[in-house]
Every structure is written in structure tokens, then in C-alpha cells.
There are 2 protein chains.
Amino acid sequence: MSRFLSYRFADLEPYVPGEQPQDQQYIKLNTNESPYPASPKACERARDAIERLKLYPDPDCKALAESLAEYLAGKYGVQLTKDNVLLTNGSDEVLNFAFMAFCDEKTPAVFPDITYGFYPVFADMNGAPYREIPLTEDFRISPEDYAKAGGTLFIANPNAHTGIALSRDEVEGIIESNRDKVVVVDEAYVDFGCESCVPLVEKYDNLLVTQTFSKSRSMAGARLGFGIAGREIISDLNTIRNSTNPYNINGMTMAAGIGVLEDDEYTMSNCRKIIENRQYTVSELKKLGFELTDSIGNFVFMKHPDYDGGKLYEDLKKAGILVRHFTKERIAQYNRVTIGSREQMEAFINTLKEII
Amino acid sequence: MSRFLSYRFADLEPYVPGEQPQDQQYIKLNTNESPYPASPKACERARDAIERLKLYPDPDCKALAESLAEYLAGKYGVQLTKDNVLLTNGSDEVLNFAFMAFCDEKTPAVFPDITYGFYPVFADMNGAPYREIPLTEDFRISPEDYAKAGGTLFIANPNAHTGIALSRDEVEGIIESNRDKVVVVDEAYVDFGCESCVPLVEKYDNLLVTQTFSKSRSMAGARLGFGIAGREIISDLNTIRNSTNPYNINGMTMAAGIGVLEDDEYTMSNCRKIIENRQYTVSELKKLGFELTDSIGNFVFMKHPDYDGGKLYEDLKKAGILVRHFTKERIAQYNRVTIGSREQMEAFINTLKEII
């Protein structure tokens with residue numbers, strides 16, 4: 001820390017992302033990437049955009065916003081225009097904008113104790129207090145705990161780490177009982193079997209849904225996320241964006257985004273494969289005595305009654321398999337394992353058989 | 001504005017970037033892009049990176065940071081490592097981080113009245129007061145006005161809009177007299193003939209220099225900027241980055257950045273051409289009776305004694321040439337015109353001859 005850093009950030013503990021080893025020596029099951037390459041159409045459009053690098057990208061992201069609104073309207077059967085979506089540099093950026101716009105020292109953030117680990121950092125970053133609501137003993141969100149929560153709600157659905165999802169009706173109940181506060185539903189993992197809340201955007205002016213191109217769309221490297229909400233919330237988030245970094249999406253990523261939306265059958269086919277691989281993995285893990293949450297994300301969250309979570313992480317790493325281990329006490333016995341290709345999951349299961 | 005937006009941003013007036021028409025019908029001389037395409041090596045590396053889109057980029061940006069530190073060390077004859085540089089999503093992002101880290105309600109921002117129009121927005125965004133120091137009547141920064149300025153200084157060198165530069169010695173005097181505050185030297189336009197302050201980074205722990213790949217390196221569409229400073233200031237900025245968006249640079253841009261640094265002769269050759277085209281443009285404009293600041297950026301700042309600045313902007317636009325006009329009173333008679341290719345500047349001069 002320098003002697004110049006503002007007192008506001010003196011105690012800030014940054015978020016620590018999962019390891020991203022650059023030497024490719026691991027079977028990488030630690031950051032919920034897709035095992036399948038980005039859509040050929042996404043790649044083709046990104047290649048074309050390289051020819052236009054000398055020019056600034058469109059700060060309004062108009063072409064992609066229109067494509068995305070049309071795509072979401074068709075997928076979820078709702079009325080949406082480009083004014084209902086905001087494209088961001090990964091969904092972390094739209095989440096950060098939401099903390100900035102809708103949390104402050106008077107309006108706390110509220111989220112589960114076990115969820116995406118960036119939420120408390122975003123709150124601290126923006127000088128907003130936050131309240132963590134404990135998950136139930138079996139790691140579920142109990143919707144009644146979120147009635148009149150008294151702050152801006154952040155609910156990952158399915159939830160981060162556990163992969164357990166609320167139904168749309170359950171989330172709607174939470175939105176209904178918090179009409180005076182924004183409810184952010186973080187749907188990073190929605191495409192692997194979860195009901196989306198996008199259809200509720202027309203009905204509730206206090207709902208912001210966030211999604212990403214990083215997981216189901218195999219574009220983690222491109223950094224593209226988005227928010228979907230009523231026009232007023234999107235307008236607020238655009239005010240923040242235009243006051244920090246109006247050119248937040250580079251031209252290649254913008255083009256790749258348009259490409260992958262044109263190729264949705266490819267995305268959906270990959271999601272079906274991930275779901276099959278998840279079913280295979282869950283079944284094999286249970287045979288090995290692992291206990292698992294009911295994950296409908298592209299990952300499983302597992303612990304073994306006879307094997308320490310931290311030690312298992314280390315043993316897997318030594319064997320060339322990288323998974324994610326969190327040291328937070330309540331989940332220290334667990335590991336989160338991304339669902340990769342069938343071959344990767346077979347290698348993972350075989351390695352576990354050797355370790356345990 | 002929604003009913004949920006934090007009071008902190010209720011009065012925020014976002015920055016308005018220059019027009020970015022998507023229909024390509026203009027000779028575009030309004031946002032200081034390069035007329036020359038991105039380096040073939042940059043494009044080649046970006047194309048290779050498209051094959052890896054499914055994986056997150058390296059959040060530490062290590063390979064590019066090392067390349068950049070080595071490049072800058074060679075170019076400016078200083079000792080630098082990757083811990084002296086921070087890569088950002090355009091230089092707007094590093095500037096925003098600097099306002100966040102080093103300005104607050106106790107530490108105002110200080111900058112000239114005529115400069116990059118984003119500075120007051122960044123200050124407002126971060127709840128920091130700011131003080132604008134008027135340029136001299138002939139639009140110069142008078143270094144003595146910045147002695148013991150009592151806040152975090154932001155000095156664009158060469159200055160935005162005017163293109164007028166301070167010498168390195170003049171900036172060093174300002175840094176010397178503000179040792180208890182950070183001095184940010186924004187060198188977006190440094191490569192077109194200005195002395196850089198990068199050599200001073202070793203000597204002053206209160207100096208942050210920012211540069212960009214958008215102008216001289218023809219990569220505005222890729223969004224890549226950087227800060228250069230002592231390790232402690234870089235560490236502060238990394239704390240901010242890791243608490244907002246650790247994956248701020250996408251993989252394609254990271255790769256393109258490495259490529260263009262390998263191809264510096266291409267960049268420098270383009271800069272020489274821009275300088276020649278600037279000399280041609282200045283000479284022709286003077287023949288037409290225009291008054292100009294001594295710009296050493298990739299733009300000129302011009303007014304005509306007999307022709308209204310706003311009207312000239314409109315007339316040029318009607319004739320298919322887009323330049324930048326600012327409505328701020330002190331410069332409302334001026335237009336800022338990016339230096340493009342020789343052909344573009346000849347077309348610009350010929351159009352002016354018809355208009356005036």
C-alpha cells in the first residue's frame with residue numbers, strides 16, 4: 001500500500017479469483033469454464049473485427065444489444081428491447097455497477113453467507129454495509145428469510161458453489177416482498193437446467209437479472225456479461241458505465257457476442273452435454289461415497305465423510321487435476337468441481353479412485 | 001433514473017464520448033484514432049487467442065505486463081519490472097482507478113480548466129471535490145500554478161484538445177513541489193512528439209504515468225491502456241482492480257498487445273507519418289487564416305477569426321467530415337481535428353476551402 005491510498009480502501013481485501021495457471025499442465029476443473037470451444041460463428045465474427053481494431057468500438061454496443069434483446073425475447077417469451085439490456089466486461093462488471101448504483105451506507109447489500117465470494121468485496125468497495133443470511137443446514141436458500149430484507153438483494157440462482165436453485169416462483173416471492181429494493185438475480189449458471197427469472201423483468205421494476213457469456217457460451221476469455229431489467233434500472237447502470245468507462249466492451253468481443261447468439265443450437269447442445277456429464281459425475285461420485293449438493297450448475301460441490309477437503313484439493317492438484325477449494329469454515333470440507341468433457345470427468349473419477 | 005439509484009449518483013452527469021457513427025459514411029477525424037490499421041503482428045496474435053476463448057484470461061496479465069515493462073525499459077532507458085505496470089481496459093480505466101484510489105472528500109482532484117473532459121466526471125463519480133486551474137490566455141499550463149496544489153494532480157501531457165505539451169523538466173518541477181500528493185501524467189498522446197515522464201518513475205514515488213494502445217498503436221477497438229509507477233502505487237491500483245473486475249483485459253486484447261510491442265518499428269513509422277501529416281495540415285490551415293495551438297498530439301485545435309466554431313463543425317459534418325466540437329465557452333470557437341492519412345487531410349483541407 002502506498003502512503004497515498006484513500007482511507008476508504010485501506011482495509012479492502014480484494015477478491016481472489018481461482019488459479020489460472022498459464023502452462024496448461026492441469027485438467028482444469030476449477031473456474032467453471034466450458035470444455036467446448038467457442039462457437040465457430042463467434043470466432044469468425046471476432047476474426048472479422050480484428051480488421052477494424054484501429055477504430056473505437058460502438059460505446060452504445062447497439063448491434064449486440066439489439067441482437068441480445070431479440071435473442072432473450074425469443075428464448076424467454078418476453079418483450080424486450082435494447083433498452084432492457086446492458087452489456088458489460090464480464091458479469092462481474094454489471095454486478096459491480098449494481099452494488100455502486102443500488103447500495104450505499106444507507107442501503108445495505110443482503111446475500112447468503114455461502115454464495116459468490118465477490119459480493120462482500122463489491123459491498124466493501126462501495127462503502128456499503130452488508131448482511132449475510134445463513135443458508136439452511138443443507139445449504140439451501142430459505143425464501144422466507146429474504147422477505148422484507150431491508151437492503152438490495154443479491155441472489156445467485158443457481159447459487160454459487162452449491163449449485164442449488166430456487167424455482168422462479170420462489171424468487172418471485174422474494175421480489176414481491178422487497179418491492180422497495182432492487183433484487184439482483186445472478187444467473188451465471190442458469191443455462192445448465194435452472195428456471196430463469198428473465199420473464200419477470202416485464203412485471204417488476206425492482207428486478208435485475210445478470211447473465212454471462214463465460215460459462216454456457218464458452219467465452220470466458222472474451223469477457224462479456226449482461227444485465228436485463230426495466231429501462232430505468234438499465235438507465236441507472238448506464239449512467240455508472242458512462243461515468244467510468246463508456247468503451248467497456250472491445251470490438252472483438254462485441255462481434256463474438258453477436259456470433260454466438262446466431263449459433264444458439266451449438267450453445268444448447270453443449271449445455272445438454274454438460275448436463276449429461278454432470279449426471280455421470282454425480283453418479284460415480286456417489287458410488288465413491290461422496291456427499292453432494294443438488295447442483296444444477298456446470299459444477300458439483302462435494303465432500304467425502306472420510307477425507308479432508310483441503311487435502312483432497314492438494315492430492316488432486318498433485319495428480320494434475322485442478323479443482324476449487326474454499327477455506328471458509330462452513331464449506332472447508334467441500335470442493336467445487338467444474339463439469340468438463342466426458343473424458344475429463346472420467347479422468348477425474350479415476351484419479352479419485354486412486355486417491356481415496 | 002430509477003427510484004432505487006443511490007443518492008450519491010443522483011446528480012451525476014456522465015461523460016459523453018465523441019460520436020461513433022456505425023455506418024462509415026464519414027471521414028472520421030473526431031476521436032483521435034489512427035488512420036493506419038493495427039500491426040499485422042497484433043492481429044496475428046489476436047487471431048491465435050480466439051482459439052482459447054473458452055478459458056479465462058490470465059487475471060495477472062503476466063506475459064503482457066512483462067513484455068510491456070521490458071519494452072518501456074528499453075524505450076525510455078529505465079529499470080522497470082511487471083510490478084511497475086498495470087494493464088487496463090483502455091486508459092480511462094487506469095484514470096478512473098487513480099481517482100478512486102487517490103481522491104476522496106478529503107483529497108480533491110486538481111486539473112486544468114481545459115483538458116480531458118472525463119476528469120470532472122471521474123471526480124464526481126468518486127465523491128471527490130475538484131479544482132480547475134485555468135490555462136493561460138494562450139491555452140498553456142503555467143507550471144507555477146501547480147506548485148503545492150493541495151490535491152491529486154491530473155495533467156494530460158500533451159494536453160487534451162490543445163495538444164500543447166510541457167517539457168519533462170517542467171513536469172518534474174510540478175512533481176517535486178507536490179511530493180505529498182500523487183501526480184498523474186496522462187500521456188495518451190505522447191508518441192507524436194512529446195517528452196515522456198516515464199524516466200521519472202524511478203525517482204518519484206508520487207508519479208503515475210498513463211498511456212494507451214488506442215492512438216499511436218492503432219488499437220482503439222481493443223481497449224488497452226496502462227499505468228506506469230512505483231510498485232506501491234501499482235499495488236494500490238491493483239487492489240482497486242481486483243476488487244472490481246480482476247479479469248479486466250480479455251484474452252484477444254492481451255495477445256494483440258504483446259504483438260504490437262513486438263512490432264514497434266511499425267508503430268514508430270506510423271507516428272512519423274502522423275507528424276508529417278500534422279505539419280502539412282497546420283501549414284495549409286494557416287494559409288486559410290486558421291489560428292492553431294502548438295499541438296504535438298495526433299490532432300490540431302483550430303479556430304477561424306471569421307467563422308463560428310459550431311457552424312464549422314456542422315458544415316464539415318454536412319460535407320462528410322466529422323471533427324470534434326466542444327461547447328464549453330472558452331473553447332466554443334475551436335474544433336479539434338484528428339490527423340488522419342495524407343489523403344484524408346487533403347480532403348479535409350479541400351472541403352474547408354469550399355466552406356470558407
# chains A, B, ... in the order shown; residues from 1 in each chain; ligands from 1
$ residues_around --residues "A:Gly225" --least-positions-apart "6" --cutoff "7 Å" --atoms "only C-alpha atoms" --output "VMD selection string"
chain A and resid 87 to 91 211 to 213
$ write_last_selection --atoms "all heavy atoms" --output "short mmCIF file (atom, residue, chain, number, x, y, z; two decimals), in the first residue's frame"
data_model
loop_
_atom_site.label_atom_id
_atom_site.label_comp_id
_atom_site.auth_asym_id
_atom_site.auth_seq_id
_atom_site.Cartn_x
_atom_site.Cartn_y
_atom_site.Cartn_z
N LEU A 87 -24.69 -4.41 -21.69
CA LEU A 87 -23.54 -5.30 -21.91
C LEU A 87 -22.36 -4.82 -21.09
O LEU A 87 -22.08 -3.61 -21.03
CB LEU A 87 -23.15 -5.30 -23.40
CG LEU A 87 -23.92 -6.20 -24.37
CD1 LEU A 87 -23.88 -7.65 -23.94
CD2 LEU A 87 -25.33 -5.73 -24.60
N THR A 88 -21.67 -5.77 -20.47
CA THR A 88 -20.55 -5.38 -19.61
C THR A 88 -19.35 -6.29 -19.82
O THR A 88 -19.46 -7.36 -20.44
CB THR A 88 -20.97 -5.44 -18.12
OG1 THR A 88 -21.52 -6.73 -17.85
CG2 THR A 88 -21.96 -4.35 -17.77
N ASN A 89 -18.23 -5.83 -19.28
CA ASN A 89 -16.95 -6.53 -19.40
C ASN A 89 -16.95 -7.71 -18.40
O ASN A 89 -16.32 -7.66 -17.35
CB ASN A 89 -15.86 -5.51 -19.09
CG ASN A 89 -14.45 -6.03 -19.34
OD1 ASN A 89 -14.26 -7.00 -20.07
ND2 ASN A 89 -13.47 -5.39 -18.73
N GLY A 90 -17.66 -8.76 -18.76
CA GLY A 90 -17.91 -9.86 -17.83
C GLY A 90 -19.10 -9.51 -16.94
O GLY A 90 -19.45 -8.33 -16.81
N SER A 91 -19.73 -10.52 -16.32
CA SER A 91 -20.86 -10.16 -15.46
C SER A 91 -20.39 -9.57 -14.14
O SER A 91 -21.15 -8.91 -13.44
CB SER A 91 -21.85 -11.33 -15.26
OG SER A 91 -21.25 -12.40 -14.59
N GLN A 211 -26.53 -12.23 -16.45
CA GLN A 211 -26.06 -13.49 -17.04
C GLN A 211 -24.69 -13.24 -17.69
O GLN A 211 -24.18 -12.12 -17.66
CB GLN A 211 -27.06 -14.01 -18.09
CG GLN A 211 -28.41 -14.43 -17.51
CD GLN A 211 -29.29 -15.18 -18.52
OE1 GLN A 211 -28.86 -15.53 -19.62
NE2 GLN A 211 -30.54 -15.44 -18.12
N THR A 212 -24.12 -14.28 -18.24
CA THR A 212 -22.76 -14.17 -18.76
C THR A 212 -22.57 -15.03 -20.01
O THR A 212 -23.30 -15.99 -20.22
CB THR A 212 -21.75 -14.61 -17.68
OG1 THR A 212 -20.43 -14.58 -18.24
CG2 THR A 212 -22.01 -16.03 -17.19
N PHE A 213 -21.60 -14.64 -20.82
CA PHE A 213 -21.19 -15.46 -21.97
C PHE A 213 -20.02 -16.39 -21.59
O PHE A 213 -19.50 -17.10 -22.45
CB PHE A 213 -20.75 -14.55 -23.13
CG PHE A 213 -21.89 -13.88 -23.88
CD1 PHE A 213 -22.66 -12.91 -23.26
CD2 PHE A 213 -22.17 -14.21 -25.19
CE1 PHE A 213 -23.70 -12.28 -23.95
CE2 PHE A 213 -23.20 -13.59 -25.89
CZ PHE A 213 -23.97 -12.62 -25.27
#
$ residues_around --residues "A:Ala165" --least-positions-apart "6" --cutoff "9 Å" --atoms "only C-alpha atoms" --output "list in words"
Arg140, Ile141, Ala156, Asn157, Pro158, Asn159, Val190, Cys194, Glu195, Asp294, Ser295, Ile296 and Gly297 of chain A
$ write_last_selection --atoms "N, CA and C atoms" --output "mmCIF file, in the first residue's frame"
data_model
loop_
_atom_site.group_PDB
_atom_site.id
_atom_site.type_symbol
_atom_site.label_atom_id
_atom_site.label_comp_id
_atom_site.auth_asym_id
_atom_site.auth_seq_id
_atom_site.Cartn_x
_atom_site.Cartn_y
_atom_site.Cartn_z
ATOM 1 N N ARG A 140 -29.416 -24.731 1.636
ATOM 2 C CA ARG A 140 -30.477 -24.169 0.794
ATOM 3 C C ARG A 140 -30.783 -22.729 1.184
ATOM 4 N N ILE A 141 -31.236 -21.974 0.188
ATOM 5 C CA ILE A 141 -31.780 -20.641 0.468
ATOM 6 C C ILE A 141 -33.224 -20.836 0.895
ATOM 7 N N ALA A 156 -27.644 -15.451 -6.163
ATOM 8 C CA ALA A 156 -27.142 -16.239 -7.286
ATOM 9 C C ALA A 156 -28.072 -17.434 -7.448
ATOM 10 N N ASN A 157 -28.604 -17.624 -8.659
ATOM 11 C CA ASN A 157 -29.559 -18.704 -8.882
ATOM 12 C C ASN A 157 -29.266 -19.389 -10.225
ATOM 13 N N PRO A 158 -28.778 -20.648 -10.216
ATOM 14 C CA PRO A 158 -28.432 -21.425 -9.032
ATOM 15 C C PRO A 158 -27.322 -20.745 -8.227
ATOM 16 N N ASN A 159 -27.285 -21.095 -6.946
ATOM 17 C CA ASN A 159 -26.324 -20.440 -6.072
ATOM 18 C C ASN A 159 -24.888 -20.883 -6.404
ATOM 19 N N VAL A 190 -27.328 -20.295 -15.211
ATOM 20 C CA VAL A 190 -28.743 -20.624 -15.443
ATOM 21 C C VAL A 190 -28.947 -21.650 -16.557
ATOM 22 N N CYS A 194 -31.615 -24.523 -14.946
ATOM 23 C CA CYS A 194 -32.343 -23.700 -13.963
ATOM 24 C C CYS A 194 -33.403 -22.835 -14.659
ATOM 25 N N GLU A 195 -34.499 -22.557 -13.965
ATOM 26 C CA GLU A 195 -35.504 -21.617 -14.477
ATOM 27 C C GLU A 195 -34.962 -20.192 -14.381
ATOM 28 N N ASP A 294 -27.462 -30.697 -4.523
ATOM 29 C CA ASP A 294 -28.207 -30.931 -5.782
ATOM 30 C C ASP A 294 -27.874 -29.844 -6.797
ATOM 31 N N SER A 295 -26.685 -29.905 -7.353
ATOM 32 C CA SER A 295 -26.259 -28.820 -8.239
ATOM 33 C C SER A 295 -26.900 -28.930 -9.608
ATOM 34 N N ILE A 296 -27.465 -27.811 -10.083
ATOM 35 C CA ILE A 296 -27.843 -27.766 -11.494
ATOM 36 C C ILE A 296 -27.000 -26.705 -12.224
ATOM 37 N N GLY A 297 -25.800 -26.470 -11.711
ATOM 38 C CA GLY A 297 -24.833 -25.636 -12.434
ATOM 39 C C GLY A 297 -23.896 -26.526 -13.261
#
$ closest_residue --among "B:Glu346, B:Asp58, B:Asp23, B:Glu176" --to "chain A" --atoms "only C-alpha atoms"
B:Asp58
$ closest_residue --among "B:Cys197, B:Leu5, B:Val323, B:Ile258" --to "A:Ala98" --atoms "only C-alpha atoms"
B:Leu5
$ decode --residues "stretch 6-99 of chain A" --atoms "C-alpha atoms" --output "PDB file, in the first residue's frame"
ATOM      1  CA  SER A   6      -7.558   6.765   0.162  1.00  0.00           C
ATOM      2  CA  TYR A   7      -8.611   5.773   3.677  1.00  0.00           C
ATOM      3  CA  ARG A   8     -11.724   4.298   2.051  1.00  0.00           C
ATOM      4  CA  PHE A   9      -9.741   1.375   0.704  1.00  0.00           C
ATOM      5  CA  ALA A  10      -7.117   0.945   3.395  1.00  0.00           C
ATOM      6  CA  ASP A  11      -8.746  -2.230   4.761  1.00  0.00           C
ATOM      7  CA  LEU A  12     -10.067  -3.578   1.482  1.00  0.00           C
ATOM      8  CA  GLU A  13      -9.452  -7.258   0.880  1.00  0.00           C
ATOM      9  CA  PRO A  14      -9.609  -7.885  -2.857  1.00  0.00           C
ATOM     10  CA  TYR A  15     -11.406 -10.834  -4.372  1.00  0.00           C
ATOM     11  CA  VAL A  16      -9.109 -13.739  -5.169  1.00  0.00           C
ATOM     12  CA  PRO A  17     -10.084 -15.423  -8.423  1.00  0.00           C
ATOM     13  CA  GLY A  18      -9.445 -19.126  -8.994  1.00  0.00           C
ATOM     14  CA  GLU A  19      -5.988 -20.137 -10.134  1.00  0.00           C
ATOM     15  CA  GLN A  20      -5.348 -19.576 -13.840  1.00  0.00           C
ATOM     16  CA  PRO A  21      -2.110 -21.460 -14.486  1.00  0.00           C
ATOM     17  CA  GLN A  22      -0.707 -20.408 -17.835  1.00  0.00           C
ATOM     18  CA  ASP A  23       1.206 -23.610 -18.520  1.00  0.00           C
ATOM     19  CA  GLN A  24      -1.784 -25.834 -19.407  1.00  0.00           C
ATOM     20  CA  GLN A  25      -0.453 -28.752 -17.413  1.00  0.00           C
ATOM     21  CA  TYR A  26      -3.672 -29.375 -15.486  1.00  0.00           C
ATOM     22  CA  ILE A  27      -7.058 -30.841 -16.195  1.00  0.00           C
ATOM     23  CA  LYS A  28      -8.672 -27.564 -15.278  1.00  0.00           C
ATOM     24  CA  LEU A  29     -11.904 -28.035 -13.316  1.00  0.00           C
ATOM     25  CA  ASN A  30     -11.572 -25.019 -11.026  1.00  0.00           C
ATOM     26  CA  THR A  31     -13.196 -21.957 -12.603  1.00  0.00           C
ATOM     27  CA  ASN A  32     -16.336 -23.299 -14.293  1.00  0.00           C
ATOM     28  CA  GLU A  33     -15.186 -22.758 -17.837  1.00  0.00           C
ATOM     29  CA  SER A  34     -16.696 -24.750 -20.686  1.00  0.00           C
ATOM     30  CA  PRO A  35     -14.693 -27.706 -22.014  1.00  0.00           C
ATOM     31  CA  TYR A  36     -16.015 -26.956 -25.508  1.00  0.00           C
ATOM     32  CA  PRO A  37     -14.519 -24.306 -27.780  1.00  0.00           C
ATOM     33  CA  ALA A  38     -16.316 -21.068 -28.550  1.00  0.00           C
ATOM     34  CA  SER A  39     -18.832 -21.231 -31.387  1.00  0.00           C
ATOM     35  CA  PRO A  40     -17.293 -21.147 -34.867  1.00  0.00           C
ATOM     36  CA  LYS A  41     -19.593 -18.225 -35.695  1.00  0.00           C
ATOM     37  CA  ALA A  42     -18.343 -16.303 -32.657  1.00  0.00           C
ATOM     38  CA  CYS A  43     -14.755 -16.943 -33.739  1.00  0.00           C
ATOM     39  CA  GLU A  44     -15.427 -15.926 -37.322  1.00  0.00           C
ATOM     40  CA  ARG A  45     -17.000 -12.627 -36.293  1.00  0.00           C
ATOM     41  CA  ALA A  46     -14.191 -11.907 -33.825  1.00  0.00           C
ATOM     42  CA  ARG A  47     -11.657 -12.507 -36.622  1.00  0.00           C
ATOM     43  CA  ASP A  48     -13.505 -10.032 -38.852  1.00  0.00           C
ATOM     44  CA  ALA A  49     -13.476  -7.442 -36.048  1.00  0.00           C
ATOM     45  CA  ILE A  50      -9.678  -7.637 -35.828  1.00  0.00           C
ATOM     46  CA  GLU A  51      -9.630  -5.814 -39.162  1.00  0.00           C
ATOM     47  CA  ARG A  52     -11.322  -2.822 -37.520  1.00  0.00           C
ATOM     48  CA  LEU A  53      -9.152  -2.540 -34.400  1.00  0.00           C
ATOM     49  CA  LYS A  54      -7.948   0.958 -35.229  1.00  0.00           C
ATOM     50  CA  LEU A  55     -11.432   2.384 -34.588  1.00  0.00           C
ATOM     51  CA  TYR A  56     -13.174   2.723 -31.233  1.00  0.00           C
ATOM     52  CA  PRO A  57     -15.963   0.222 -30.686  1.00  0.00           C
ATOM     53  CA  ASP A  58     -19.525   1.485 -30.510  1.00  0.00           C
ATOM     54  CA  PRO A  59     -19.879   2.753 -26.915  1.00  0.00           C
ATOM     55  CA  ASP A  60     -23.624   2.088 -27.127  1.00  0.00           C
ATOM     56  CA  CYS A  61     -22.974  -1.518 -28.140  1.00  0.00           C
ATOM     57  CA  LYS A  62     -26.112  -1.091 -30.248  1.00  0.00           C
ATOM     58  CA  ALA A  63     -25.850  -4.028 -32.636  1.00  0.00           C
ATOM     59  CA  LEU A  64     -25.080  -6.523 -29.889  1.00  0.00           C
ATOM     60  CA  ALA A  65     -27.691  -5.058 -27.525  1.00  0.00           C
ATOM     61  CA  GLU A  66     -30.326  -5.407 -30.239  1.00  0.00           C
ATOM     62  CA  SER A  67     -29.268  -8.980 -31.043  1.00  0.00           C
ATOM     63  CA  LEU A  68     -29.284  -9.883 -27.377  1.00  0.00           C
ATOM     64  CA  ALA A  69     -32.694  -8.325 -26.674  1.00  0.00           C
ATOM     65  CA  GLU A  70     -34.166 -10.186 -29.636  1.00  0.00           C
ATOM     66  CA  TYR A  71     -32.497 -13.438 -28.586  1.00  0.00           C
ATOM     67  CA  LEU A  72     -33.715 -13.187 -24.978  1.00  0.00           C
ATOM     68  CA  ALA A  73     -37.204 -12.160 -26.048  1.00  0.00           C
ATOM     69  CA  GLY A  74     -37.426 -15.290 -28.191  1.00  0.00           C
ATOM     70  CA  LYS A  75     -35.846 -17.588 -25.638  1.00  0.00           C
ATOM     71  CA  TYR A  76     -37.969 -16.474 -22.699  1.00  0.00           C
ATOM     72  CA  GLY A  77     -41.114 -15.291 -24.475  1.00  0.00           C
ATOM     73  CA  VAL A  78     -40.965 -11.695 -23.242  1.00  0.00           C
ATOM     74  CA  GLN A  79     -40.995  -8.216 -24.740  1.00  0.00           C
ATOM     75  CA  LEU A  80     -37.513  -6.736 -24.591  1.00  0.00           C
ATOM     76  CA  THR A  81     -35.669  -4.022 -26.475  1.00  0.00           C
ATOM     77  CA  LYS A  82     -32.058  -2.911 -26.381  1.00  0.00           C
ATOM     78  CA  ASP A  83     -33.048  -0.508 -23.584  1.00  0.00           C
ATOM     79  CA  ASN A  84     -33.670  -3.528 -21.350  1.00  0.00           C
ATOM     80  CA  VAL A  85     -30.121  -4.849 -21.595  1.00  0.00           C
ATOM     81  CA  LEU A  86     -26.679  -3.629 -20.584  1.00  0.00           C
ATOM     82  CA  LEU A  87     -23.540  -5.302 -21.914  1.00  0.00           C
ATOM     83  CA  THR A  88     -20.553  -5.384 -19.609  1.00  0.00           C
ATOM     84  CA  ASN A  89     -16.953  -6.530 -19.398  1.00  0.00           C
ATOM     85  CA  GLY A  90     -17.911  -9.857 -17.832  1.00  0.00           C
ATOM     86  CA  SER A  91     -20.864 -10.161 -15.462  1.00  0.00           C
ATOM     87  CA  ASP A  92     -18.595  -9.025 -12.610  1.00  0.00           C
ATOM     88  CA  GLU A  93     -18.834  -5.565 -14.129  1.00  0.00           C
ATOM     89  CA  VAL A  94     -22.637  -5.431 -14.126  1.00  0.00           C
ATOM     90  CA  LEU A  95     -22.630  -6.793 -10.564  1.00  0.00           C
ATOM     91  CA  ASN A  96     -20.166  -4.102  -9.502  1.00  0.00           C
ATOM     92  CA  PHE A  97     -22.309  -1.456 -11.207  1.00  0.00           C
ATOM     93  CA  ALA A  98     -25.337  -2.778  -9.310  1.00  0.00           C
ATOM     94  CA  PHE A  99     -23.533  -2.506  -5.972  1.00  0.00           C
TER      95      PHE A  99
END
